[in-house]
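Dumped work_16.cif below, it's mmCIF, C-alpha atoms and all ligand atoms:
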```cif
data_entry
#
loop_
_atom_site.label_atom_id
_atom_site.label_comp_id
_atom_site.auth_asym_id
_atom_site.auth_seq_id
_atom_site.Cartn_x
_atom_site.Cartn_y
_atom_site.Cartn_z
CA MET A 10 0.00 0.00 0.00
CA LYS A 11 1.15 3.50 -0.83
CA SER A 12 1.31 6.14 1.89
CA VAL A 13 -0.89 9.21 1.62
CA GLU A 14 2.25 11.35 1.11
CA ASP A 15 3.57 9.19 -1.72
CA HIS A 16 0.25 9.21 -3.52
CA LEU A 17 -0.13 12.98 -3.14
CA THR A 18 3.47 13.63 -4.21
CA GLY A 19 2.91 11.50 -7.30
CA ILE A 20 -0.21 13.48 -8.15
CA LEU A 21 1.29 16.92 -7.60
CA GLY A 22 4.32 15.92 -9.64
CA ARG A 23 2.04 15.48 -12.63
CA ILE A 24 -0.11 18.57 -12.17
CA GLU A 25 1.10 21.86 -13.62
CA PRO A 26 -0.18 25.36 -12.93
CA LEU A 27 -2.48 26.40 -15.77
CA ALA A 28 -1.08 28.88 -18.32
CA PRO A 29 -1.76 32.51 -17.35
CA LEU A 30 -4.56 34.43 -18.96
CA GLU A 31 -5.25 38.14 -19.19
CA LEU A 32 -8.72 38.83 -17.83
CA GLN A 33 -11.02 41.75 -17.13
CA LEU A 34 -11.07 42.64 -13.45
CA LEU A 35 -14.36 40.98 -12.58
CA ASP A 36 -13.55 37.89 -14.60
CA ALA A 37 -10.39 37.55 -12.53
CA HIS A 38 -12.36 37.51 -9.27
CA GLY A 39 -11.17 34.62 -7.10
CA SER A 40 -8.09 33.89 -9.23
CA LEU A 41 -4.43 34.27 -8.30
CA LEU A 42 -2.39 37.10 -9.70
CA VAL A 43 0.60 36.08 -11.83
CA ASP A 44 2.69 39.29 -11.83
CA GLU A 45 3.04 41.89 -9.12
CA VAL A 46 1.11 45.06 -9.79
CA ALA A 47 2.56 48.55 -9.30
CA SER A 48 0.50 51.71 -9.37
CA THR A 49 1.17 54.05 -12.26
CA GLY A 50 -0.15 57.07 -10.38
CA ASP A 51 -0.78 58.48 -6.93
CA LEU A 52 -3.87 57.72 -4.84
CA PRO A 53 -5.57 60.04 -4.16
CA PRO A 54 -4.54 61.59 -7.46
CA PHE A 55 -4.91 65.16 -6.10
CA ASP A 56 -5.26 66.92 -2.73
CA ASN A 57 -8.95 66.89 -1.83
CA SER A 58 -11.41 67.46 0.97
CA SER A 59 -12.57 64.69 3.28
CA MET A 60 -15.54 66.77 4.49
CA ASP A 61 -18.31 68.93 3.12
CA GLY A 62 -17.34 72.41 4.31
CA TYR A 63 -15.15 75.40 3.47
CA ALA A 64 -11.56 75.47 2.30
CA VAL A 65 -9.72 78.18 4.26
CA ARG A 66 -6.35 79.69 5.04
CA ILE A 67 -5.27 79.06 8.62
CA SER A 68 -4.38 82.68 9.37
CA ASP A 69 -7.93 83.78 8.46
CA VAL A 70 -9.63 81.46 10.96
CA ALA A 71 -7.07 81.57 13.79
CA ASP A 72 -9.43 83.59 16.01
CA ALA A 73 -12.70 81.81 15.16
CA GLY A 74 -14.79 80.87 18.19
CA GLU A 75 -18.41 80.44 19.27
CA ARG A 76 -18.57 83.98 20.67
CA TYR A 77 -16.62 85.72 17.91
CA PRO A 78 -17.25 83.96 14.62
CA VAL A 79 -15.00 84.82 11.71
CA VAL A 80 -16.82 85.97 8.59
CA LEU A 81 -15.26 85.15 5.20
CA ASP A 82 -16.29 85.78 1.59
CA VAL A 83 -17.01 82.58 -0.31
CA VAL A 84 -15.31 83.05 -3.70
CA ASP A 85 -15.91 79.61 -5.21
CA ASP A 86 -18.14 76.58 -4.85
CA ILE A 87 -16.29 73.35 -5.65
CA ALA A 88 -18.20 70.11 -6.13
CA ALA A 89 -16.66 66.66 -6.52
CA GLY A 90 -15.63 66.40 -10.17
CA ASP A 91 -14.99 70.15 -10.56
CA ALA A 92 -11.60 71.64 -11.26
CA ALA A 93 -10.59 74.14 -8.53
CA GLU A 94 -9.78 77.24 -10.54
CA THR A 95 -9.98 80.10 -8.05
CA ALA A 96 -7.20 80.56 -5.51
CA ILE A 97 -8.05 81.42 -1.91
CA GLY A 98 -6.73 84.85 -0.99
CA SER A 99 -6.68 86.56 2.37
CA GLY A 100 -10.18 86.91 3.90
CA THR A 101 -11.77 84.50 1.44
CA CYS A 102 -12.66 80.84 1.30
CA ALA A 103 -14.35 78.33 -1.03
CA ARG A 104 -17.27 76.07 -0.32
CA ILE A 105 -16.07 72.53 -0.98
CA MET A 106 -17.64 69.07 -1.07
CA THR A 107 -16.15 65.74 -0.03
CA GLY A 108 -13.77 64.50 -2.72
CA ALA A 109 -13.54 67.90 -4.46
CA PRO A 110 -10.05 69.20 -5.30
CA LEU A 111 -8.45 71.67 -2.95
CA PRO A 112 -8.13 75.21 -4.32
CA ALA A 113 -4.71 76.87 -4.36
CA GLY A 114 -3.98 78.66 -1.09
CA ALA A 115 -6.25 76.44 1.03
CA GLU A 116 -4.64 75.05 4.18
CA ALA A 117 -7.50 73.28 5.95
CA ILE A 118 -11.18 72.42 5.64
CA VAL A 119 -13.76 73.77 8.08
CA PRO A 120 -16.58 71.19 8.22
CA VAL A 121 -19.96 72.68 7.40
CA GLU A 122 -21.11 71.78 10.94
CA TRP A 123 -18.70 74.43 12.33
CA THR A 124 -20.31 77.16 10.23
CA ASP A 125 -23.69 78.74 9.43
CA ALA A 126 -23.41 77.10 5.98
CA GLY A 127 -23.61 80.60 4.52
CA MET A 128 -23.28 81.86 0.94
CA PRO A 129 -21.91 84.25 -0.29
CA THR A 130 -20.40 84.89 3.15
CA VAL A 131 -19.91 82.29 5.83
CA ARG A 132 -19.66 82.55 9.64
CA ILE A 133 -17.09 80.17 11.10
CA THR A 134 -17.23 79.30 14.81
CA ARG A 135 -14.35 76.83 15.18
CA ARG A 136 -10.86 76.72 13.80
CA PRO A 137 -9.33 73.68 12.17
CA SER A 138 -5.68 72.74 12.59
CA ALA A 139 -3.36 73.07 9.60
CA GLY A 140 -4.07 70.32 7.06
CA GLN A 141 -7.20 69.12 8.86
CA TYR A 142 -9.72 67.27 6.66
CA ILE A 143 -7.37 67.35 3.69
CA ARG A 144 -6.54 64.07 1.96
CA ARG A 145 -3.13 64.55 0.39
CA ARG A 146 -2.21 63.33 -3.04
CA GLY A 147 -0.36 59.99 -2.74
CA SER A 148 -1.24 59.54 0.95
CA ASP A 149 -2.80 56.14 0.11
CA VAL A 150 -0.62 54.83 -2.72
CA THR A 151 2.30 56.50 -4.47
CA ALA A 152 3.16 56.15 -8.14
CA GLY A 153 5.46 53.19 -8.70
CA GLN A 154 4.52 51.49 -5.45
CA THR A 155 3.83 47.73 -5.55
CA VAL A 156 0.22 47.38 -4.48
CA LEU A 157 -0.31 43.63 -5.02
CA GLU A 158 2.27 40.86 -4.84
CA ALA A 159 2.44 38.04 -7.36
CA GLY A 160 0.33 35.15 -6.11
CA SER A 161 -2.23 37.36 -4.35
CA THR A 162 -5.81 36.17 -4.43
CA ILE A 163 -8.00 38.61 -6.30
CA GLY A 164 -10.87 39.28 -3.90
CA SER A 165 -13.26 42.19 -3.74
CA ALA A 166 -10.85 44.58 -2.01
CA GLN A 167 -8.09 43.80 -4.52
CA ILE A 168 -10.50 44.42 -7.40
CA GLY A 169 -11.43 47.76 -5.84
CA LEU A 170 -7.77 48.75 -5.57
CA LEU A 171 -7.01 47.70 -9.15
CA ALA A 172 -9.95 49.75 -10.41
CA ALA A 173 -8.76 52.73 -8.34
CA ILE A 174 -5.33 52.66 -9.95
CA GLY A 175 -6.92 52.36 -13.38
CA ARG A 176 -6.16 48.73 -14.21
CA GLU A 177 -8.74 47.14 -16.48
CA ARG A 178 -7.14 43.76 -17.02
CA ILE A 179 -4.70 41.60 -15.10
CA ARG A 180 -2.85 38.37 -15.68
CA VAL A 181 -4.10 35.52 -13.52
CA ARG A 182 -4.10 31.76 -13.60
CA PRO A 183 -7.49 30.63 -14.87
CA LYS A 184 -9.75 28.63 -12.63
CA PRO A 185 -9.46 24.94 -13.47
CA ARG A 186 -12.57 23.46 -15.05
CA VAL A 187 -13.49 20.30 -13.24
CA VAL A 188 -15.99 17.72 -14.41
CA ILE A 189 -17.47 15.75 -11.53
CA LEU A 190 -19.05 12.52 -12.58
CA SER A 191 -20.69 9.99 -10.29
CA THR A 192 -21.07 6.35 -11.26
CA GLY A 193 -23.43 3.73 -9.92
CA SER A 194 -26.51 2.02 -11.29
CA GLU A 195 -28.15 2.36 -7.87
CA LEU A 196 -28.11 6.14 -8.02
CA THR A 197 -30.92 8.54 -8.70
CA GLN A 198 -31.08 12.30 -8.52
CA PRO A 199 -32.70 14.37 -5.78
CA GLY A 200 -36.17 15.41 -6.89
CA ARG A 201 -36.80 12.13 -8.72
CA PRO A 202 -38.84 9.25 -7.32
CA ILE A 203 -36.73 6.65 -5.60
CA GLY A 204 -37.17 2.97 -6.52
CA PRO A 205 -36.25 -0.18 -4.62
CA GLY A 206 -32.53 -0.48 -4.01
CA GLN A 207 -31.88 3.07 -5.14
CA ILE A 208 -30.12 5.84 -3.26
CA ARG A 209 -29.64 9.46 -4.15
CA ASP A 210 -26.48 10.67 -5.78
CA SER A 211 -24.97 12.87 -3.10
CA ASN A 212 -21.37 12.71 -4.31
CA SER A 213 -21.77 14.69 -7.51
CA TYR A 214 -23.42 17.55 -5.65
CA MET A 215 -21.01 17.45 -2.73
CA LEU A 216 -17.86 17.37 -4.84
CA THR A 217 -19.10 20.00 -7.27
CA ALA A 218 -19.54 22.30 -4.29
CA ALA A 219 -16.15 21.26 -2.88
CA ALA A 220 -14.46 21.98 -6.21
CA ARG A 221 -16.05 25.43 -6.29
CA GLU A 222 -14.88 26.03 -2.74
CA ALA A 223 -11.40 25.15 -3.97
CA GLY A 224 -11.65 27.91 -6.59
CA ALA A 225 -12.54 25.74 -9.58
CA ILE A 226 -15.29 26.02 -12.16
CA ALA A 227 -17.11 22.76 -11.61
CA TYR A 228 -19.52 20.95 -13.90
CA ARG A 229 -21.68 18.28 -12.33
CA VAL A 230 -22.52 15.23 -14.38
CA GLY A 231 -25.21 13.21 -12.70
CA ASN A 232 -25.07 9.52 -12.22
CA VAL A 233 -23.64 7.34 -14.97
CA PRO A 234 -24.75 3.70 -14.77
CA ASP A 235 -22.26 0.89 -14.22
CA ASP A 236 -22.02 0.26 -17.95
CA PRO A 237 -18.57 0.39 -19.59
CA LYS A 238 -19.75 1.87 -22.86
CA VAL A 239 -21.89 4.58 -21.29
CA LEU A 240 -19.06 5.44 -18.92
CA ILE A 241 -16.35 5.79 -21.55
CA ASP A 242 -18.66 7.70 -23.90
CA THR A 243 -19.63 10.09 -21.12
CA ILE A 244 -16.02 10.74 -20.14
CA GLU A 245 -15.07 11.32 -23.78
CA ASP A 246 -17.94 13.78 -24.21
CA GLN A 247 -16.94 15.66 -21.10
CA LEU A 248 -13.22 15.98 -21.87
CA ILE A 249 -13.87 18.99 -24.10
CA ARG A 250 -14.68 21.17 -21.08
CA ALA A 251 -12.38 19.60 -18.51
CA ASP A 252 -8.98 20.51 -17.11
CA VAL A 253 -9.58 17.74 -14.56
CA VAL A 254 -12.06 14.88 -14.34
CA VAL A 255 -13.19 13.47 -11.01
CA THR A 256 -15.26 10.30 -10.85
CA THR A 257 -16.73 8.58 -7.82
CA GLY A 258 -17.61 4.93 -7.36
CA GLY A 259 -16.66 1.79 -9.18
CA VAL A 260 -13.04 1.47 -8.07
CA SER A 261 -13.27 -1.35 -5.54
CA ALA A 262 -13.14 -5.09 -6.17
CA GLY A 263 -16.84 -5.59 -6.92
CA ALA A 264 -18.20 -7.36 -9.99
CA TYR A 265 -19.58 -4.11 -11.44
CA ASP A 266 -16.77 -1.75 -10.50
CA VAL A 267 -16.74 -0.40 -13.98
CA VAL A 268 -14.53 2.67 -13.59
CA LYS A 269 -11.57 0.56 -12.65
CA ALA A 270 -12.34 -2.05 -15.29
CA VAL A 271 -12.68 0.42 -18.14
CA LEU A 272 -9.90 2.84 -17.27
CA SER A 273 -7.34 0.17 -16.36
CA GLU A 274 -7.43 -0.96 -19.97
CA LEU A 275 -6.27 2.46 -21.18
CA GLY A 276 -2.98 2.02 -19.36
CA THR A 277 -2.76 5.69 -18.39
CA VAL A 278 -4.71 5.48 -15.14
CA GLU A 279 -3.23 3.65 -12.21
CA PHE A 280 -5.36 2.02 -9.54
CA GLY A 281 -4.10 1.05 -6.12
CA LYS A 282 -4.55 1.14 -2.41
CA VAL A 283 -3.55 4.07 -0.27
CA ALA A 284 -2.91 3.54 3.43
CA MET A 285 -5.77 5.65 4.67
CA GLN A 286 -9.22 5.28 6.12
CA PRO A 287 -11.60 6.20 4.65
CA GLY A 288 -10.54 6.34 1.00
CA MET A 289 -8.30 3.33 0.49
CA PRO A 290 -9.04 2.51 -3.18
CA GLN A 291 -7.71 5.34 -5.34
CA GLY A 292 -7.00 5.84 -8.99
CA PHE A 293 -5.17 8.64 -10.73
CA GLY A 294 -3.81 9.18 -14.20
CA VAL A 295 -4.43 11.00 -17.44
CA ILE A 296 -6.97 10.50 -20.17
CA GLY A 297 -7.73 11.69 -23.69
CA PRO A 298 -5.71 13.53 -26.33
CA ASP A 299 -4.77 16.35 -23.95
CA GLU A 300 -3.74 13.96 -21.20
CA THR A 301 -6.34 15.42 -18.88
CA PRO A 302 -5.73 14.42 -15.26
CA ILE A 303 -8.40 12.12 -13.87
CA PHE A 304 -9.07 11.20 -10.25
CA THR A 305 -11.20 8.15 -9.60
CA LEU A 306 -12.44 8.36 -6.04
CA PRO A 307 -14.25 5.68 -4.08
CA GLY A 308 -18.05 5.84 -4.00
CA ASN A 309 -18.88 6.00 -0.32
CA PRO A 310 -19.68 9.66 0.29
CA VAL A 311 -17.31 10.16 3.22
CA SER A 312 -14.52 8.36 1.36
CA ALA A 313 -15.15 10.54 -1.66
CA PHE A 314 -15.15 13.68 0.48
CA VAL A 315 -11.94 12.83 2.32
CA SER A 316 -10.22 11.75 -0.90
CA PHE A 317 -11.19 15.03 -2.50
CA GLU A 318 -9.81 16.99 0.45
CA VAL A 319 -6.56 15.07 0.60
CA PHE A 320 -5.75 14.64 -3.10
CA VAL A 321 -7.98 16.64 -5.43
CA ARG A 322 -8.11 19.97 -3.59
CA PRO A 323 -4.30 20.35 -3.47
CA ALA A 324 -4.15 19.56 -7.19
CA LEU A 325 -6.78 22.19 -7.99
CA LEU A 326 -4.90 24.76 -5.92
CA ARG A 327 -1.65 23.89 -7.65
CA MET A 328 -3.30 24.43 -11.04
CA GLN A 329 -4.27 27.91 -9.85
CA GLY A 330 -0.68 28.65 -8.90
CA ALA A 331 -1.23 28.64 -5.14
CA ALA A 332 1.93 28.57 -3.03
CA VAL A 333 0.16 26.65 -0.28
CA THR A 334 -2.02 23.77 -1.40
CA GLU A 335 -2.80 22.15 1.94
CA ARG A 336 -5.59 22.94 4.33
CA PRO A 337 -4.32 24.45 7.58
CA VAL A 338 -3.37 21.79 10.13
CA VAL A 339 -3.35 22.66 13.84
CA ARG A 340 -2.55 20.70 16.97
CA ALA A 341 -5.42 20.16 19.39
CA THR A 342 -6.28 18.26 22.54
CA CYS A 343 -8.40 15.22 21.80
CA ALA A 344 -11.49 15.23 24.02
CA THR A 345 -12.05 11.47 23.88
CA ALA A 346 -9.99 8.28 23.65
CA LEU A 347 -9.84 6.75 20.17
CA LYS A 348 -8.86 3.56 18.41
CA SER A 349 -7.41 3.66 14.94
CA PRO A 350 -6.55 0.92 12.44
CA ASP A 351 -2.89 -0.12 12.26
CA GLY A 352 -1.06 0.84 9.09
CA LYS A 353 -3.60 3.38 7.84
CA ARG A 354 -3.86 7.07 8.42
CA GLN A 355 -7.30 7.74 9.77
CA TYR A 356 -9.31 10.85 8.98
CA LEU A 357 -12.11 11.28 11.48
CA ARG A 358 -14.94 13.73 11.05
CA ALA A 359 -14.54 16.07 13.97
CA TRP A 360 -15.53 19.29 15.61
CA TYR A 361 -12.67 21.61 16.43
CA THR A 362 -13.04 24.32 19.04
CA ALA A 363 -10.40 27.04 18.91
CA PRO A 364 -8.68 27.95 22.20
CA ALA A 365 -10.30 30.70 24.24
CA GLU A 366 -8.92 34.09 23.17
CA GLY A 367 -6.59 32.31 20.75
CA VAL A 368 -4.16 31.29 23.50
CA GLY A 369 -2.91 27.71 23.80
CA GLU A 370 -4.35 24.65 22.10
CA GLY A 371 -7.92 24.10 20.98
CA THR A 372 -9.87 20.90 21.54
CA VAL A 373 -11.19 18.41 19.05
CA GLU A 374 -13.86 15.79 19.28
CA PRO A 375 -14.97 13.19 16.73
CA VAL A 376 -18.55 13.57 15.51
CA GLY A 377 -20.49 10.43 14.62
CA GLY A 378 -19.09 7.04 13.75
CA THR A 379 -16.39 5.99 11.36
CA GLY A 380 -18.62 4.38 8.69
CA SER A 381 -17.89 5.90 5.29
CA HIS A 382 -21.59 6.07 4.44
CA LEU A 383 -22.36 8.39 7.41
CA LEU A 384 -23.07 11.68 5.68
CA GLY A 385 -25.10 12.99 8.61
CA SER A 386 -22.02 13.26 10.78
CA LEU A 387 -19.91 14.64 7.94
CA ALA A 388 -22.28 17.57 7.71
CA LYS A 389 -21.70 18.26 11.41
CA ALA A 390 -17.90 18.36 11.12
CA ASN A 391 -15.71 21.42 10.71
CA ALA A 392 -12.43 19.49 10.69
CA LEU A 393 -10.78 16.15 10.05
CA LEU A 394 -8.91 14.71 13.00
CA THR A 395 -5.95 12.78 11.61
CA VAL A 396 -4.36 9.82 13.33
CA PRO A 397 -0.98 8.70 11.90
CA ALA A 398 -0.78 5.27 10.28
CA ASP A 399 1.36 3.75 13.05
CA VAL A 400 -0.86 4.94 15.92
CA THR A 401 -3.59 2.56 17.00
CA GLU A 402 -4.77 4.26 20.18
CA VAL A 403 -5.17 7.87 21.16
CA ALA A 404 -5.69 8.63 24.85
CA GLU A 405 -8.15 11.21 26.09
CA GLY A 406 -6.29 14.51 26.38
CA ALA A 407 -3.63 13.51 23.84
CA ASP A 408 -2.26 16.01 21.37
CA VAL A 409 -3.50 15.33 17.82
CA ALA A 410 -3.35 16.91 14.36
CA VAL A 411 -6.49 18.51 12.98
CA MET A 412 -7.09 19.55 9.41
CA LEU A 413 -9.41 22.54 9.40
CA LEU A 414 -12.11 22.48 6.74
CA SER A 415 -13.19 26.08 6.96
P1 LIG B 1 -18.66 1.89 -5.02
O1 LIG B 1 -17.38 2.60 -4.76
O2 LIG B 1 -19.19 2.15 -6.38
O3 LIG B 1 -18.53 0.43 -4.71
O4 LIG B 1 -19.70 2.47 -4.01
C1 LIG B 1 -19.51 2.32 -2.62
C2 LIG B 1 -20.76 2.75 -1.88
O5 LIG B 1 -20.98 4.12 -2.08
C3 LIG B 1 -22.02 2.04 -2.31
O6 LIG B 1 -22.82 1.82 -1.17
C4 LIG B 1 -22.66 3.06 -3.22
O7 LIG B 1 -24.05 2.90 -3.30
C5 LIG B 1 -22.28 4.36 -2.58
N1 LIG B 1 -22.21 5.42 -3.57
C6 LIG B 1 -21.55 5.35 -4.75
N2 LIG B 1 -21.69 6.50 -5.44
C7 LIG B 1 -22.47 7.30 -4.69
C8 LIG B 1 -22.98 8.60 -4.88
N3 LIG B 1 -22.72 9.31 -5.98
N4 LIG B 1 -23.74 9.15 -3.91
C9 LIG B 1 -24.01 8.42 -2.80
N5 LIG B 1 -23.56 7.20 -2.57
C10 LIG B 1 -22.81 6.62 -3.50
MG MG B 2 -20.64 1.48 -7.51
#
```

Could I get this structure in the form of structure tokens?
Amino acid sequence: MKSVEDHLTGILGRIEPLAPLELQLLDAHGSLLVDEVASTGDLPPFDNSSMDGYAVRISDVADAGERYPVVLDVVDDIAAGDAAETAIGSGTCARIMTGAPLPAGAEAIVPVEWTDAGMPTVRITRRPSAGQYIRRRGSDVTAGQTVLEAGSTIGSAQIGLLAAIGRERIRVRPKPRVVILSTGSELTQPGRPIGPGQIRDSNSYMLTAAAREAGAIAYRVGNVPDDPKVLIDTIEDQLIRADVVVTTGGVSAGAYDVVKAVLSELGTVEFGKVAMQPGMPQGFGVIGPDETPIFTLPGNPVSAFVSFEVFVRPALLRMQGAAVTERPVVRATCATALKSPDGKRQYLRAWYTAPAEGVGEGTVEPVGGTGSHLLGSLAKANALLTVPADVTEVAEGADVAVMLLS
């Protein structure tokens, strides 16, 4: 049996980051930036007001107070989007709105609340300090400054910044397109009547969502029956839109385990056992003219889920150019004693509680049983508690590794 590490290393060794693509800002949402981005100009691009009020010279308002307001002539009215054309001379000021450019000579903004809001003269009852309520050119970002590092994830804030500096397009790694295909003649789709011996296809939904959570564009292909011809035809049809194919079911030693039977014959997909529980039967290889990577995961929903987390998710992240492809792993105190099979790394559905105020170690507790069909408990887990292959017993209070799922 192969170790989890060996299997994963073999997979990642055959997965390349996808070729970069230049995309419009919003199309790049959620992707990873390929090159660092520097700003070509200053932000803000000009000195401007951060308040609605009056742009003044400090010497003119030095004596302003509630009892002795200063009265100034208002020589201009500057709205956001205007050009400030009139300079402020002694004894004068300009009405100014938030975001409007500062007129020449202005040294501070008096918020409208400190005045009688007058036009064409204004009474000022409080004095601002020099520079108050002025947003200086370049105080946010200066021209030439690196604003985003290569490898950054393009989220909403990054898109806002790129728009602010005037970038329309950026180079990112595209999101991998993943086809998720479930196999099994016993499967039916939610919303359809269920016949004797049938169960609903949960894997294709679950893994499509998981692939999207991993940043991929995922296409769900509902259940394919355990029929070699239908299976191979379906995979061939789907290859056109796939950077990766993920199948579930049909990889054990059963009489109708058609995925293994059909794909073994191609010689490009390797099937074997990985020393883990759940998820022991695994297949990985390439298929079709473009040598598209294909993962064949076991059919039990929890096995499929864990296999996806451990092998497929890192591959999808690598295709996107991520520096870190693993889920975060933390140490935690195990709340209950556990037994674990010898020679297999166990992944237990678990609930992780972070330490109070972030100090010290959190605690972790398995949720539900170990059966790989137990989806109910999977949906209650926020982590996978991992027990190393050579450990068969974990004492209550022992220190264990926990893979955080969210
Ligand atoms: P298999 O790997 O095909 O032998 O399937 C193992 C177990 O997982 C069987 O009990 C299947 O009925 C179940 N199973 C397979 N595929 C799915 C699926 N897409 N959704 C839910 N259960 C499944
Ligand atoms: Mg099956």

Any residue with an atom at most 10 Å from ligand MG 2 (chain B) counts, using only C-alpha atoms and all ligand atoms. Which are they? Put them as an mmCIF file with C-alpha atoms, keeping the file's coordinate frame.
```cif
data_model
loop_
_atom_site.group_PDB
_atom_site.id
_atom_site.type_symbol
_atom_site.label_atom_id
_atom_site.label_comp_id
_atom_site.auth_asym_id
_atom_site.auth_seq_id
_atom_site.Cartn_x
_atom_site.Cartn_y
_atom_site.Cartn_z
ATOM 1 C CA SER A 191 -20.690 9.990 -10.290
ATOM 2 C CA THR A 192 -21.070 6.350 -11.260
ATOM 3 C CA GLY A 193 -23.430 3.730 -9.920
ATOM 4 C CA SER A 194 -26.510 2.020 -11.290
ATOM 5 C CA GLU A 195 -28.150 2.360 -7.870
ATOM 6 C CA LEU A 196 -28.110 6.140 -8.020
ATOM 7 C CA VAL A 233 -23.640 7.340 -14.970
ATOM 8 C CA PRO A 234 -24.750 3.700 -14.770
ATOM 9 C CA ASP A 235 -22.260 0.890 -14.220
ATOM 10 C CA THR A 257 -16.730 8.580 -7.820
ATOM 11 C CA GLY A 258 -17.610 4.930 -7.360
ATOM 12 C CA GLY A 259 -16.660 1.790 -9.180
ATOM 13 C CA VAL A 260 -13.040 1.470 -8.070
ATOM 14 C CA SER A 261 -13.270 -1.350 -5.540
ATOM 15 C CA GLY A 263 -16.840 -5.590 -6.920
ATOM 16 C CA ALA A 264 -18.200 -7.360 -9.990
ATOM 17 C CA TYR A 265 -19.580 -4.110 -11.440
ATOM 18 C CA ASP A 266 -16.770 -1.750 -10.500
ATOM 19 C CA VAL A 267 -16.740 -0.400 -13.980
ATOM 20 C CA VAL A 268 -14.530 2.670 -13.590
ATOM 21 C CA PRO A 307 -14.250 5.680 -4.080
ATOM 22 C CA GLY A 308 -18.050 5.840 -4.000
ATOM 23 C CA ASN A 309 -18.880 6.000 -0.320
#
```

Axis-aligned box over every listed atom of ligand LIG 1 (chain B), padded by 4 Å per side: centre and edges in Å to one decimal, as lines of an AutoDock Vina configuration file?
```
center_x = -20.7
center_y = 4.9
center_z = -3.8
size_x = 14.7
size_y = 16.9
size_z = 13.2
```

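Every polymer residue reaching to within 12 Å of (-23.4, 82.3, 0.2), counting only C-alpha atoms, appears in this list: Tyr63, Val80, Leu81, Asp82, Val83, Val84, Asp85, Asp86, Thr101, Cys102, Ala103, Arg104, Thr124, Asp125, Ala126, Gly127, Met128, Pro129, Thr130, Val131 and Arg132 of chain A.
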
How about saving the chosen residues, C-alpha atoms kept, as a compact mmCIF listing (two decimals), in the frame of the given file?
```
# COMPACT_ATOMS: atom_id res chain seq x y z
CA TYR A 63 -15.15 75.40 3.47
CA VAL A 80 -16.82 85.97 8.59
CA LEU A 81 -15.26 85.15 5.20
CA ASP A 82 -16.29 85.78 1.59
CA VAL A 83 -17.01 82.58 -0.31
CA VAL A 84 -15.31 83.05 -3.70
CA ASP A 85 -15.91 79.61 -5.21
CA ASP A 86 -18.14 76.58 -4.85
CA THR A 101 -11.77 84.50 1.44
CA CYS A 102 -12.66 80.84 1.30
CA ALA A 103 -14.35 78.33 -1.03
CA ARG A 104 -17.27 76.07 -0.32
CA THR A 124 -20.31 77.16 10.23
CA ASP A 125 -23.69 78.74 9.43
CA ALA A 126 -23.41 77.10 5.98
CA GLY A 127 -23.61 80.60 4.52
CA MET A 128 -23.28 81.86 0.94
CA PRO A 129 -21.91 84.25 -0.29
CA THR A 130 -20.40 84.89 3.15
CA VAL A 131 -19.91 82.29 5.83
CA ARG A 132 -19.66 82.55 9.64
```

Pairwise distance for atom CA of Gly98 of chain A and atom CA of Ala115 of chain A, rounded to one decimal in Å: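 Computing it gives 8.7 Å between the two atoms.
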
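Across A:Val295, A:Val396, A:Val119, A:Ile20, the tightest approach to Pro375 of chain A is made by A:Val396 when counting all atoms listed in the file.
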
Nearest-residue call for Thr277 of chain A, choices A:Gly352, A:Gly206, A:Pro298, A:Gly74, using all atoms listed in the file: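 Of all the options, A:Pro298 lies closest to Thr277 of chain A.
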
Surrounding residues of Thr256 of chain A excluding itself and chain neighbours under 6 positions, 10 Å, all atoms listed in the file, as a PyMOL selection string: chain A and resi 188-192+212-213+216+230+232-233+244+268+292+303-308+313

Residues within 10 Å of Leu383 of chain A, only C-alpha atoms, excluding chain neighbours under 4 positions, as a PyMOL selection string: chain A and resi 309-312+358+377-379+387-388

Counting only C-alpha atoms, the option among A:Arg209, A:Arg201, A:Lys282, A:Arg186 closest to Ala251 of chain A: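 Among the listed residues, the smallest separation from Ala251 of chain A belongs to A:Arg186.
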
Shell around Glu222 of chain A at 12 Å using all atoms listed in the file, local window under 4 positions removed, as number ranges by chain: A: 39, 184, 215-218, 226-227, 317-318, 321-322, 325-326, 414-415

Lys348 of chain A surroundings by all atoms listed in the file, 9 Å radius, close-in-sequence under 5 positions cut, as a list in words: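 The contact residues come out as Val400, Thr401, Glu402, Val403 and Ala404 of chain A.
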
Shortest interatomic distance to Leu170 of chain A - which of A:Leu357, A:Val150, A:Val13, A:Val187, counting only C-alpha atoms: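 Among the listed residues, the smallest separation from Leu170 of chain A belongs to A:Val150.
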
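Minimum atom-to-atom distance to Val253 of chain A, evaluated using all atoms listed in the file, belongs to A:Leu27 out of A:Leu17, A:Ala331, A:Leu347, A:Leu27.
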
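Residue nearest ligand LIG 1 (chain B), chosen from A:Lys238, A:Arg327, A:Arg229, A:Arg250 and counting all atoms listed in the file: A:Arg229.
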